[in-house]
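Containing CSV, C-alpha atoms: my_file_10.csv.
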chain,number,residue,atom,x,y,z
A,1258,MET,CA,21.9,108.9,62.1
A,1259,GLU,CA,21.0,112.4,63.5
A,1260,GLU,CA,20.3,110.9,66.9
A,1261,LYS,CA,23.7,109.3,66.9
A,1262,LYS,CA,25.4,112.6,66.1
A,1263,LYS,CA,23.4,114.4,68.9
A,1264,LYS,CA,24.4,111.6,71.3
A,1265,SER,CA,28.0,111.9,70.3
A,1266,LYS,CA,27.9,115.7,70.8
A,1267,LYS,CA,26.5,115.3,74.3
A,1268,GLU,CA,29.1,112.8,75.1
A,1269,ILE,CA,31.8,115.2,74.0
A,1270,GLU,CA,30.3,118.0,76.1
A,1271,LYS,CA,30.1,115.7,79.1
A,1272,GLU,CA,33.7,114.6,78.7
A,1273,ALA,CA,34.8,118.3,78.4
A,1274,LYS,CA,32.9,119.2,81.6
A,1275,GLU,CA,34.4,116.3,83.5
A,1276,ASN,CA,37.9,117.3,82.3
A,1277,ARG,CA,37.3,120.9,83.6
A,1278,LYS,CA,36.2,119.5,87.0
A,1279,LYS,CA,39.3,117.3,87.1
A,1280,LEU,CA,41.5,120.3,86.3
A,1281,GLU,CA,39.9,122.4,89.1
A,1282,LYS,CA,40.3,119.6,91.6
A,1283,GLN,CA,43.9,119.3,90.6
A,1284,ILE,CA,44.4,123.1,91.2
A,1285,ILE,CA,42.7,122.8,94.6
A,1286,THR,CA,45.0,119.9,95.5
A,1287,LEU,CA,48.0,121.9,94.4
A,1288,PHE,CA,47.1,124.8,96.6
A,1289,ILE,CA,46.9,122.5,99.5
A,1290,VAL,CA,50.3,120.9,98.7
A,1291,LEU,CA,51.9,124.3,98.3
A,1292,ALA,CA,50.5,125.4,101.6
A,1293,ILE,CA,52.0,122.3,103.3
A,1294,VAL,CA,55.3,123.0,101.6
A,1295,PHE,CA,55.1,126.6,102.8
A,1296,ILE,CA,54.4,125.6,106.4
A,1297,SER,CA,57.2,123.1,106.3
A,1298,PHE,CA,59.6,125.7,104.9
A,1299,ILE,CA,58.8,128.2,107.7
A,1300,ALA,CA,59.3,125.4,110.3
A,1301,ALA,CA,62.7,124.6,108.8
A,1302,TYR,CA,63.6,128.3,108.8
A,1303,HIS,CA,62.9,128.6,112.5
A,1304,LEU,CA,65.0,125.6,113.2
A,1305,LEU,CA,67.9,126.6,111.0
A,1306,LYS,CA,67.7,130.4,110.6
A,1307,PRO,CA,69.9,131.3,107.6
A,1308,LYS,CA,72.8,133.8,107.7
A,1309,PRO,CA,74.0,136.2,106.6
A,1310,TYR,CA,71.3,138.7,105.7
A,1311,PHE,CA,71.4,141.9,103.7
A,1312,ASN,CA,69.5,145.1,104.3
A,1313,TYR,CA,66.9,146.3,101.8
A,1314,GLU,CA,65.1,149.6,102.3
A,1315,GLY,CA,65.4,149.1,106.1
A,1316,LEU,CA,64.4,145.4,106.0
A,1317,LYS,CA,66.5,142.4,106.9
A,1318,VAL,CA,66.4,139.9,104.1
A,1319,TYR,CA,67.7,136.4,104.7
A,1320,LYS,CA,68.6,133.9,101.9
A,1321,ALA,CA,67.4,130.4,102.7
A,1322,LYS,CA,66.9,126.9,101.2
A,1323,ILE,CA,65.0,123.9,102.3
A,1324,GLN,CA,67.0,120.7,102.5
A,1325,GLY,CA,66.5,118.7,99.3
A,1326,VAL,CA,65.1,121.7,97.4
A,1327,ASN,CA,67.3,123.7,95.0
A,1328,THR,CA,65.1,126.8,95.0
A,1329,LEU,CA,66.5,129.8,96.8
A,1330,PHE,CA,64.0,131.7,98.9
A,1331,TYR,CA,64.2,135.2,100.5
A,1332,LEU,CA,62.7,135.6,104.0
A,1333,ILE,CA,61.8,138.9,105.5
A,1334,PRO,CA,60.9,138.9,109.2
A,1335,ILE,CA,58.3,141.5,110.1
A,1336,SER,CA,56.5,142.4,113.3
A,1337,GLY,CA,53.4,144.4,114.2
A,1338,GLY,CA,50.1,144.3,116.1
A,1339,GLY,CA,51.8,142.2,118.8
A,1340,GLY,CA,52.8,139.4,116.4
A,1341,LYS,CA,55.7,138.3,114.2
A,1342,ALA,CA,55.7,136.8,110.7
A,1343,ASP,CA,58.1,135.8,108.0
A,1344,ILE,CA,57.4,137.0,104.5
A,1345,VAL,CA,58.7,134.7,101.8
A,1346,ILE,CA,59.5,135.7,98.2
A,1347,ARG,CA,61.3,133.8,95.4
A,1348,ASN,CA,63.3,136.6,93.8
A,1349,ASP,CA,66.0,138.9,95.2
A,1350,PRO,CA,64.2,142.2,96.0
A,1351,ARG,CA,67.2,144.1,94.7
A,1352,GLU,CA,66.6,142.7,91.3
A,1353,LEU,CA,62.8,143.2,91.1
A,1354,ASN,CA,62.7,145.8,88.3
A,1355,VAL,CA,58.9,145.3,87.7
A,1356,PRO,CA,56.7,148.4,87.5
A,1357,VAL,CA,54.0,148.4,90.2
A,1358,GLY,CA,51.3,150.9,89.7
A,1359,THR,CA,48.5,150.2,92.2
A,1360,GLY,CA,47.6,153.8,93.1
A,1361,ASP,CA,46.1,153.8,96.6
A,1362,LEU,CA,44.3,150.5,96.1
A,1363,LEU,CA,46.3,148.6,98.7
A,1364,SER,CA,44.6,150.3,101.6
A,1365,GLY,CA,41.1,149.8,103.1
A,1366,ILE,CA,40.9,146.2,102.1
A,1367,ASN,CA,38.9,143.7,104.2
A,1368,MET,CA,38.8,140.7,101.8
A,1369,VAL,CA,41.2,139.4,99.1
A,1370,TRP,CA,40.3,137.2,96.2
A,1371,ILE,CA,43.2,135.8,94.1
A,1372,THR,CA,41.9,134.6,90.8
A,1373,ILE,CA,43.5,132.8,87.9
A,1374,PRO,CA,42.2,131.9,84.4
A,1375,PRO,CA,41.6,128.1,84.3
A,1376,GLU,CA,43.7,127.7,81.1
A,1377,LEU,CA,46.9,128.7,82.8
A,1378,SER,CA,49.2,125.9,84.1
A,1379,SER,CA,49.9,125.1,87.7
A,1380,ASP,CA,53.0,127.4,87.6
A,1381,ALA,CA,50.6,130.3,87.9
A,1382,VAL,CA,49.3,128.8,91.1
A,1383,ILE,CA,52.8,129.3,92.7
A,1384,ALA,CA,52.5,133.1,92.1
A,1385,GLY,CA,49.0,133.1,93.5
A,1386,ASN,CA,50.0,131.1,96.6
A,1387,ASP,CA,52.9,133.4,97.3
A,1388,LEU,CA,50.7,136.5,97.1
A,1389,GLY,CA,48.0,134.8,99.2
A,1390,ALA,CA,50.5,133.8,101.9
A,1391,PHE,CA,51.5,137.5,102.2
A,1392,THR,CA,48.0,138.8,102.4
A,1393,SER,CA,47.1,136.2,105.0
A,1394,LYS,CA,50.2,137.2,107.0
A,1395,ILE,CA,49.1,140.8,107.2
A,1396,SER,CA,45.7,139.6,108.5
A,1397,LEU,CA,43.6,140.0,105.4
A,1398,ASN,CA,40.9,137.4,104.8
A,1399,THR,CA,42.2,135.6,101.7
A,1400,SER,CA,40.5,133.2,99.3
A,1401,TYR,CA,41.3,131.7,95.9
A,1402,ALA,CA,39.1,131.6,92.7
A,1403,MET,CA,39.1,131.1,89.0
A,1404,THR,CA,37.9,133.5,86.3
A,1405,LYS,CA,35.7,130.8,84.9
A,1406,SER,CA,34.2,127.9,87.0
A,1407,ASP,CA,31.1,125.8,86.5
A,1408,THR,CA,31.6,123.6,89.6
A,1409,GLU,CA,31.0,124.0,93.3
A,1410,PHE,CA,34.6,123.1,93.9
A,1411,PHE,CA,35.9,126.5,93.1
A,1412,GLU,CA,34.5,130.1,93.2
A,1413,GLN,CA,34.3,132.2,90.1
A,1414,LYS,CA,35.7,135.7,90.5
A,1415,THR,CA,36.6,138.3,87.9
A,1416,CYS,CA,37.7,142.0,88.0
A,1417,GLU,CA,34.0,142.9,87.9
A,1418,ASP,CA,33.6,141.5,91.4
A,1419,SER,CA,36.3,143.8,92.8
A,1420,THR,CA,35.3,146.6,95.2
A,1421,LYS,CA,37.2,148.9,97.5
A,1422,GLU,CA,36.7,146.6,100.5
A,1423,THR,CA,36.8,143.2,98.6
A,1424,ARG,CA,39.7,143.4,96.3
A,1425,VAL,CA,40.2,141.0,93.4
A,1426,PHE,CA,43.8,140.3,92.3
A,1427,LEU,CA,43.9,138.8,88.8
A,1428,LEU,CA,47.1,136.8,87.9
A,1429,ASP,CA,47.5,136.4,84.1
A,1430,ILE,CA,50.0,136.0,81.3
A,1431,GLY,CA,50.4,139.0,78.9
A,1432,ASN,CA,52.8,140.9,76.7
A,1433,GLU,CA,54.4,142.9,79.6
A,1434,THR,CA,55.6,142.0,83.1
A,1435,LYS,CA,53.9,144.6,85.4
A,1436,VAL,CA,51.4,145.2,88.2
A,1437,TYR,CA,48.6,147.6,87.4
A,1438,TYR,CA,44.9,148.3,88.1
A,1439,GLU,CA,41.7,148.6,86.2
A,1440,GLY,CA,39.0,150.1,88.3
A,1441,ASN,CA,39.2,148.4,91.7
A,1442,CYS,CA,40.9,145.3,90.3
A,1443,ILE,CA,44.7,144.8,90.6
A,1444,ILE,CA,46.2,142.8,87.7
A,1445,VAL,CA,49.5,140.9,88.2
A,1446,GLN,CA,50.9,140.1,84.8
A,1447,GLY,CA,54.0,138.3,83.5
A,1448,THR,CA,55.2,137.5,80.0
A,1449,ASN,CA,55.8,134.0,81.2
A,1450,TYR,CA,55.3,132.0,84.4
A,1451,ASP,CA,58.7,133.0,85.9
A,1452,ASN,CA,57.9,136.6,85.3
A,1453,LEU,CA,54.5,136.2,86.7
A,1454,ILE,CA,56.1,135.0,90.0
A,1455,LYS,CA,58.5,138.0,89.7
A,1456,ALA,CA,55.5,140.4,89.3
A,1457,ALA,CA,53.8,138.8,92.4
A,1458,ASP,CA,57.0,139.3,94.4
A,1459,ALA,CA,57.3,142.9,93.3
A,1460,LEU,CA,53.8,143.5,94.5
A,1461,VAL,CA,54.5,141.9,97.8
A,1462,MET,CA,57.6,144.1,98.3
A,1463,ASN,CA,55.9,147.3,97.2
A,1464,TRP,CA,53.0,146.5,99.6
A,1465,LEU,CA,55.4,145.6,102.4
A,1466,LEU,CA,57.3,148.9,102.0
A,1467,ARG,CA,54.1,150.9,102.1
A,1468,LEU,CA,53.1,149.2,105.4
A,1469,LYS,CA,56.5,150.0,106.8
A,1470,GLN,CA,56.1,153.8,106.2
Can you give me the file's structure in the form of structure tokens?
Amino acid sequence: MEEKKKKSKKEIEKEAKENRKKLEKQIITLFIVLAIVFISFIAAYHLLKPKPYFNYEGLKVYKAKIQGVNTLFYLIPISGGGGKADIVIRNDPRELNVPVGTGDLLSGINMVWITIPPELSSDAVIAGNDLGAFTSKISLNTSYAMTKSDTEFFEQKTCEDSTKETRVFLLDIGNETKVYYEGNCIIVQGTNYDNLIKAADALVMNWLLRLKQ
């Protein structure tokens, strides 16, 4: 009887481990799908550049939609270092009333890790993908991770891994919508998934305006 219980416990543990691996594979797949959608969107933007635009803090901001998608995007063309890029956010920058307290931690970065707790839904990945698209556009080596991972399919990164040169950005759900830092780690937090995306957009705009100065 005891052997049967032990065997049942092992089976449960094995099943839980397999489910975690499936979840992590799904998240990886979702990142890839989002990247493809993002590239398709940029291609569509260049073919059908939306008008009109409005000015925000000296930046031209275009409203745009992809055909067949109801989501409204905001595109901000930037140039520098001999190249051009389009920054994409999902919220009107004029309505981003999210406190962003990052100190001077947005400078001197060589590597970015964007990490998300595995228990969050795929909606959190959207915020992570948008932030990662921005850091990639400004030529920062960007990778994605989870705060807990027991598989080779995904790196494990937490705030403890953050340094001045290798910055960890933790996206999480909490009781406030804000961007703040603990040590060298920058925490992007929302009270729900929509607000998490809003906080990520606020960080992107704050960072972009710093670079513009």
Subject >> Distance query Leu1465 (chain A) at most 10 Å, all atoms listed in the file, self and fewer than 6 positions along chain excluded, as a list in words >> reply: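 That gives Leu1316, Ile1333, Ile1335, Ile1344, Phe1391, Ile1395 and Ala1459 of chain A.
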Subject >> Coordinates-based distance that separates CA of Tyr1331 (chain A) from CA of Ile1444 (chain A) (Å, one decimal) >> reply: 23.4 Å
Original post:
At what distance in Å, to one decimal, does CA of Ala1342 (chain A) lie from CA of Tyr1319 (chain A)?
Top reply: 13.4 Å
Original post:
For Val1357 (chain A), which residue out of A:Cys1442, A:Glu1314, A:Asp1343, A:Thr1434 is the nearest one, using only C-alpha atoms?
Top reply: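 Among A:Cys1442, A:Glu1314, A:Asp1343, A:Thr1434, it is A:Thr1434 that comes nearest to Val1357 (chain A).
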Original post:
Leaving out Lys1414 (chain A) and any residue of its chain fewer than 2 positions from it, which residues lie within 7 Å of it when counting only C-alpha atoms, given as a count of residues only?
Top reply: 6
List the residues sitting within 9 Å of (57.9, 144.1, 91.2) in the file's frame, using only C-alpha atoms, as a compact mmCIF listing (two decimals) with C-alpha atoms, in the coordinates of the input.
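Written out: selection27.txt:
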# COMPACT_ATOMS: atom_id res chain seq x y z
CA PRO A 1350 64.20 142.20 96.00
CA GLU A 1352 66.60 142.70 91.30
CA LEU A 1353 62.80 143.20 91.10
CA ASN A 1354 62.70 145.80 88.30
CA VAL A 1355 58.90 145.30 87.70
CA PRO A 1356 56.70 148.40 87.50
CA VAL A 1357 54.00 148.40 90.20
CA THR A 1434 55.60 142.00 83.10
CA LYS A 1435 53.90 144.60 85.40
CA VAL A 1436 51.40 145.20 88.20
CA LYS A 1455 58.50 138.00 89.70
CA ALA A 1456 55.50 140.40 89.30
CA ALA A 1457 53.80 138.80 92.40
CA ASP A 1458 57.00 139.30 94.40
CA ALA A 1459 57.30 142.90 93.30
CA LEU A 1460 53.80 143.50 94.50
CA VAL A 1461 54.50 141.90 97.80
CA MET A 1462 57.60 144.10 98.30
CA ASN A 1463 55.90 147.30 97.20
**OP:** For each of A:Lys1271, A:Val1369, A:Lys1317, A:Gln1470, take the minimum atom-to-atom distance to Ser1396 (chain A), counting all atoms listed in the file, then give the residue where this is smallest.
**Re:**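 When distances to Ser1396 (chain A) are compared using all atoms listed in the file, the smallest one comes from A:Val1369.
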